[in-house]
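What follows is structure_13.pdb (PDB, C-alpha atoms).
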ATOM      1  CA  MET A 169     104.566 117.470  92.770
ATOM      2  CA  ALA A 170     101.246 116.771  91.070
ATOM      3  CA  GLN A 171      98.528 115.654  93.428
ATOM      4  CA  GLY A 172      94.903 114.715  93.352
ATOM      5  CA  LEU A 173      92.695 112.714  91.075
ATOM      6  CA  ASN A 174      93.166 115.145  88.195
ATOM      7  CA  SER A 175      96.882 114.308  88.093
ATOM      8  CA  ILE A 176      96.037 110.820  86.769
ATOM      9  CA  PRO A 177      95.969 111.048  82.964
ATOM     10  CA  GLY A 178      93.709 109.098  80.673
ATOM     11  CA  ALA A 179      90.063 108.266  80.344
ATOM     12  CA  LEU A 180      89.719 106.445  83.657
ATOM     13  CA  ASP A 181      86.645 106.961  85.800
ATOM     14  CA  MET A 182      87.077 108.607  89.204
ATOM     15  CA  ARG A 183      87.101 105.286  91.075
ATOM     16  CA  ALA A 184      89.909 103.910  88.881
ATOM     17  CA  LYS A 185      91.856 107.160  89.281
ATOM     18  CA  SER A 186      91.424 106.979  93.050
ATOM     19  CA  LEU A 187      92.723 103.404  93.130
ATOM     20  CA  ALA A 188      95.715 104.384  90.978
ATOM     21  CA  LEU A 189      96.494 107.262  93.341
ATOM     22  CA  VAL A 190      96.249 104.975  96.383
ATOM     23  CA  GLN A 191      98.720 102.581  94.742
ATOM     24  CA  ARG A 192     101.155 105.380  93.913
ATOM     25  CA  ARG A 193     101.003 106.812  97.408
ATOM     26  CA  SER A 194     101.424 103.362  98.956
ATOM     27  CA  ILE A 195     104.547 102.735  96.909
ATOM     28  CA  LEU A 196     106.070 106.116  97.762
ATOM     29  CA  LEU A 197     105.334 105.628 101.462
ATOM     30  CA  ALA A 198     106.845 102.125 101.399
ATOM     31  CA  ILE A 199     110.004 103.396  99.716
ATOM     32  CA  ALA A 200     110.403 106.308 102.132
ATOM     33  CA  GLY A 201     109.579 104.215 105.193
ATOM     34  CA  GLY A 202     111.868 101.395 104.108
ATOM     35  CA  THR A 203     114.873 103.586 103.372
ATOM     36  CA  SER A 204     117.676 103.788 105.904
ATOM     37  CA  PRO A 205     117.338 106.873 108.124
ATOM     38  CA  SER A 206     120.965 107.725 107.333
ATOM     39  CA  ASN A 207     120.296 107.875 103.572
ATOM     40  CA  ILE A 208     121.230 111.311 102.241
ATOM     41  CA  ALA A 209     118.561 111.272  99.521
ATOM     42  CA  LEU A 210     115.825 110.543 102.083
ATOM     43  CA  ARG A 211     117.035 113.366 104.293
ATOM     44  CA  GLN A 212     116.989 115.728 101.315
ATOM     45  CA  ILE A 213     113.452 114.678 100.359
ATOM     46  CA  LEU A 214     112.320 115.298 103.934
ATOM     47  CA  SER A 215     114.072 118.687 103.977
ATOM     48  CA  ASN A 216     112.283 119.633 100.761
ATOM     49  CA  GLY A 217     108.821 119.205 102.279
ATOM     50  CA  PHE A 218     107.841 115.545 101.970
ATOM     51  CA  LEU A 219     105.880 115.775 105.232
ATOM     52  CA  VAL A 220     103.724 118.565 103.767
ATOM     53  CA  VAL A 221     102.780 116.198 100.938
ATOM     54  CA  VAL A 222     102.125 113.361 103.388
ATOM     55  CA  LYS A 223      99.858 115.667 105.401
ATOM     56  CA  SER A 224      97.843 116.402 102.263
ATOM     57  CA  TRP A 225      97.545 112.631 101.709
ATOM     58  CA  LEU A 226      96.328 112.223 105.293
ATOM     59  CA  ASP A 227      93.783 114.996 104.701
ATOM     60  CA  ASP A 228      92.553 113.147 101.592
ATOM     61  CA  ILE A 229      92.120 109.957 103.621
ATOM     62  CA  LEU A 230      90.228 111.733 106.387
ATOM     63  CA  ASN A 231      87.857 113.500 103.991
ATOM     64  CA  SER A 232      87.289 110.208 102.119
ATOM     65  CA  SER A 233      88.514 111.516  98.766
ATOM     66  CA  VAL A 234      91.451 109.116  98.299
ATOM     67  CA  GLY A 235      92.152 105.954 100.276
ATOM     68  CA  GLY A 236      90.752 104.634 103.506
ATOM     69  CA  VAL A 237      91.761 102.750 106.622
ATOM     70  CA  ASP A 238      94.294 100.547 104.807
ATOM     71  CA  LEU A 239      96.152 103.555 103.397
ATOM     72  CA  LEU A 240      95.922 105.323 106.772
ATOM     73  CA  LEU A 241      97.516 102.369 108.581
ATOM     74  CA  HIS A 242     100.206 102.139 105.903
ATOM     75  CA  LEU A 243     100.872 105.881 106.102
ATOM     76  CA  LEU A 244     101.223 105.834 109.888
ATOM     77  CA  THR A 245     103.497 102.789 109.817
ATOM     78  CA  SER A 246     105.679 104.255 107.075
ATOM     79  CA  VAL A 247     106.184 107.702 108.573
ATOM     80  CA  ALA A 248     106.960 106.482 112.087
ATOM     81  CA  MET A 249     110.591 105.681 111.346
ATOM     82  CA  LEU A 250     111.390 108.678 109.165
ATOM     83  CA  PRO A 251     114.333 110.749 110.451
ATOM     84  CA  VAL A 252     112.318 113.923 110.979
ATOM     85  CA  THR A 253     113.198 117.026 112.941
ATOM     86  CA  LYS A 254     110.863 118.902 115.253
ATOM     87  CA  GLU A 255     110.882 121.792 112.775
ATOM     88  CA  MET A 256     109.793 119.501 109.904
ATOM     89  CA  VAL A 257     106.905 118.091 111.928
ATOM     90  CA  THR A 258     105.833 121.526 113.181
ATOM     91  CA  SER A 259     106.044 123.342 109.844
ATOM     92  CA  SER A 260     104.203 120.571 107.985
ATOM     93  CA  LYS A 261     101.500 120.400 110.683
ATOM     94  CA  LEU A 262     101.616 116.622 110.259
ATOM     95  CA  GLY A 263     102.159 116.029 113.987
ATOM     96  CA  LYS A 264      98.908 117.781 114.921
ATOM     97  CA  ALA A 265      97.063 116.066 112.091
ATOM     98  CA  VAL A 266      98.258 112.622 113.216
ATOM     99  CA  ALA A 267      97.205 113.348 116.802
ATOM    100  CA  ALA A 268      93.760 114.494 115.610
ATOM    101  CA  VAL A 269      93.115 111.172 113.832
ATOM    102  CA  GLU A 270      92.237 109.553 117.175
ATOM    103  CA  LYS A 271      89.135 111.765 117.426
ATOM    104  CA  HIS A 272      88.143 111.416 113.763
ATOM    105  CA  LYS A 273      85.279 109.124 112.724
ATOM    106  CA  ILE A 274      87.740 106.886 110.819
ATOM    107  CA  CYS A 275      89.144 105.912 114.231
ATOM    108  CA  ALA A 276      86.824 106.776 117.115
ATOM    109  CA  GLY A 277      84.449 103.899 117.713
ATOM    110  CA  SER A 278      85.513 101.993 114.596
ATOM    111  CA  GLN A 279      86.583  98.359 114.432
ATOM    112  CA  ASN A 280      90.078  99.602 113.527
ATOM    113  CA  GLU A 281      90.392 101.974 116.486
ATOM    114  CA  SER A 282      92.979  99.952 118.405
ATOM    115  CA  ALA A 283      95.189  99.374 115.334
ATOM    116  CA  ILE A 284      95.074 103.065 114.409
ATOM    117  CA  LYS A 285      95.790 104.201 117.981
ATOM    118  CA  GLU A 286      98.740 101.796 118.255
ATOM    119  CA  ARG A 287     100.287 103.256 115.115
ATOM    120  CA  ILE A 288      99.637 106.830 116.245
ATOM    121  CA  ALA A 289     101.329 106.052 119.564
ATOM    122  CA  ARG A 290     104.322 104.653 117.684
ATOM    123  CA  VAL A 291     104.584 107.775 115.512
ATOM    124  CA  LYS A 292     104.425 110.001 118.609
ATOM    125  CA  GLU A 293     107.004 107.872 120.403
ATOM    126  CA  GLU A 294     109.456 107.810 117.498
ATOM    127  CA  TRP A 295     109.056 111.480 116.658
ATOM    128  CA  SER A 296     109.584 112.628 120.238
ATOM    129  CA  ALA A 297     112.716 110.518 120.740
TER     130      ALA A 297
END

If you took the structure in this file and wrote it as structure tokens, what would it be?
Amino acid sequence: MAQGLNSIPGALDMRAKSLALVQRRSILLAIAGGTSPSNIALRQILSNGFLVVVKSWLDDILNSSVGGVDLLLHLLTSVAMLPVTKEMVTSSKLGKAVAAVEKHKICAGSQNESAIKERIARVKEEWSA
């Protein structure tokens, strides 16, 4: 799966490419998060490493290369209800990355701290059930 700003074709400037990538990621997260957990296609996508891709998106948000707080909140909300296994979360390292967000500058001491922490708590709760 192509990732990053260089995967956006055309003569757009970097800001326009970043916005296009945020839109694409938002749509994919909404589709995955809104799909029934019993859907076979969703389970196959998750088995094929979707969480690894989502972790790279989270990394992009945290290093301020693509997206910001809005995409972070959307990402956390969308992944919370995914039918993941412990092995998927562990191998993708997404669980540790989500937990580390609470200490990151995007959360700690920010005006969005409570909203981010609520969503992180929901992800932890759903994924440990």

The PyMOL selection byres ((chain A and resi 201-216) around 7) applied to the shown file, residues as a list of chain:residue names | A:Leu197, A:Ala198, A:Ile199, A:Ala200, A:Gly217, A:Phe218, A:Leu219, A:Ser246, A:Val247, A:Met249, A:Leu250, A:Pro251

Given the PyMOL selection byres ((chain A and resi 275-283) around 12), the residues it picks as a VMD selection string = chain A and resid 229 to 230 236 to 238 240 to 242 244 to 245 266 to 274 284 to 290

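Here CA of Glu294 in chain A is placed at a distance of 19.7 Å from CA of Val221 in chain A.
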
Residues matched by the PyMOL selection byres ((chain A and resi 233) around 12) as a list in words | Gly172, Leu173, Met182, Arg183, Lys185, Ser186, Leu187, Leu189, Val190, Ser224, Trp225, Leu226, Asp227, Asp228, Ile229, Leu230, Asn231, Ser232, Val234, Gly235, Gly236 and Leu239 of chain A

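For the set A:Ile195, A:Val220, A:Ala188, A:Ala297, the residue with the smallest atom-to-atom gap to Lys254 in chain A is A:Ala297, counting all atoms listed in the file.
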
Given the choices A:Arg193, A:Val291, A:Ala184, A:Ser296, which gets closest to Ala265 in chain A if the distance is worked out from all atoms listed in the file?
-> A:Val291

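The interatomic distance for the pair CA of Leu196 in chain A and CA of Gly263 in chain A works out to 19.4 Å.
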
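From CA of Val257 in chain A back to CA of Lys292 in chain A, the distance works out to 10.8 Å.
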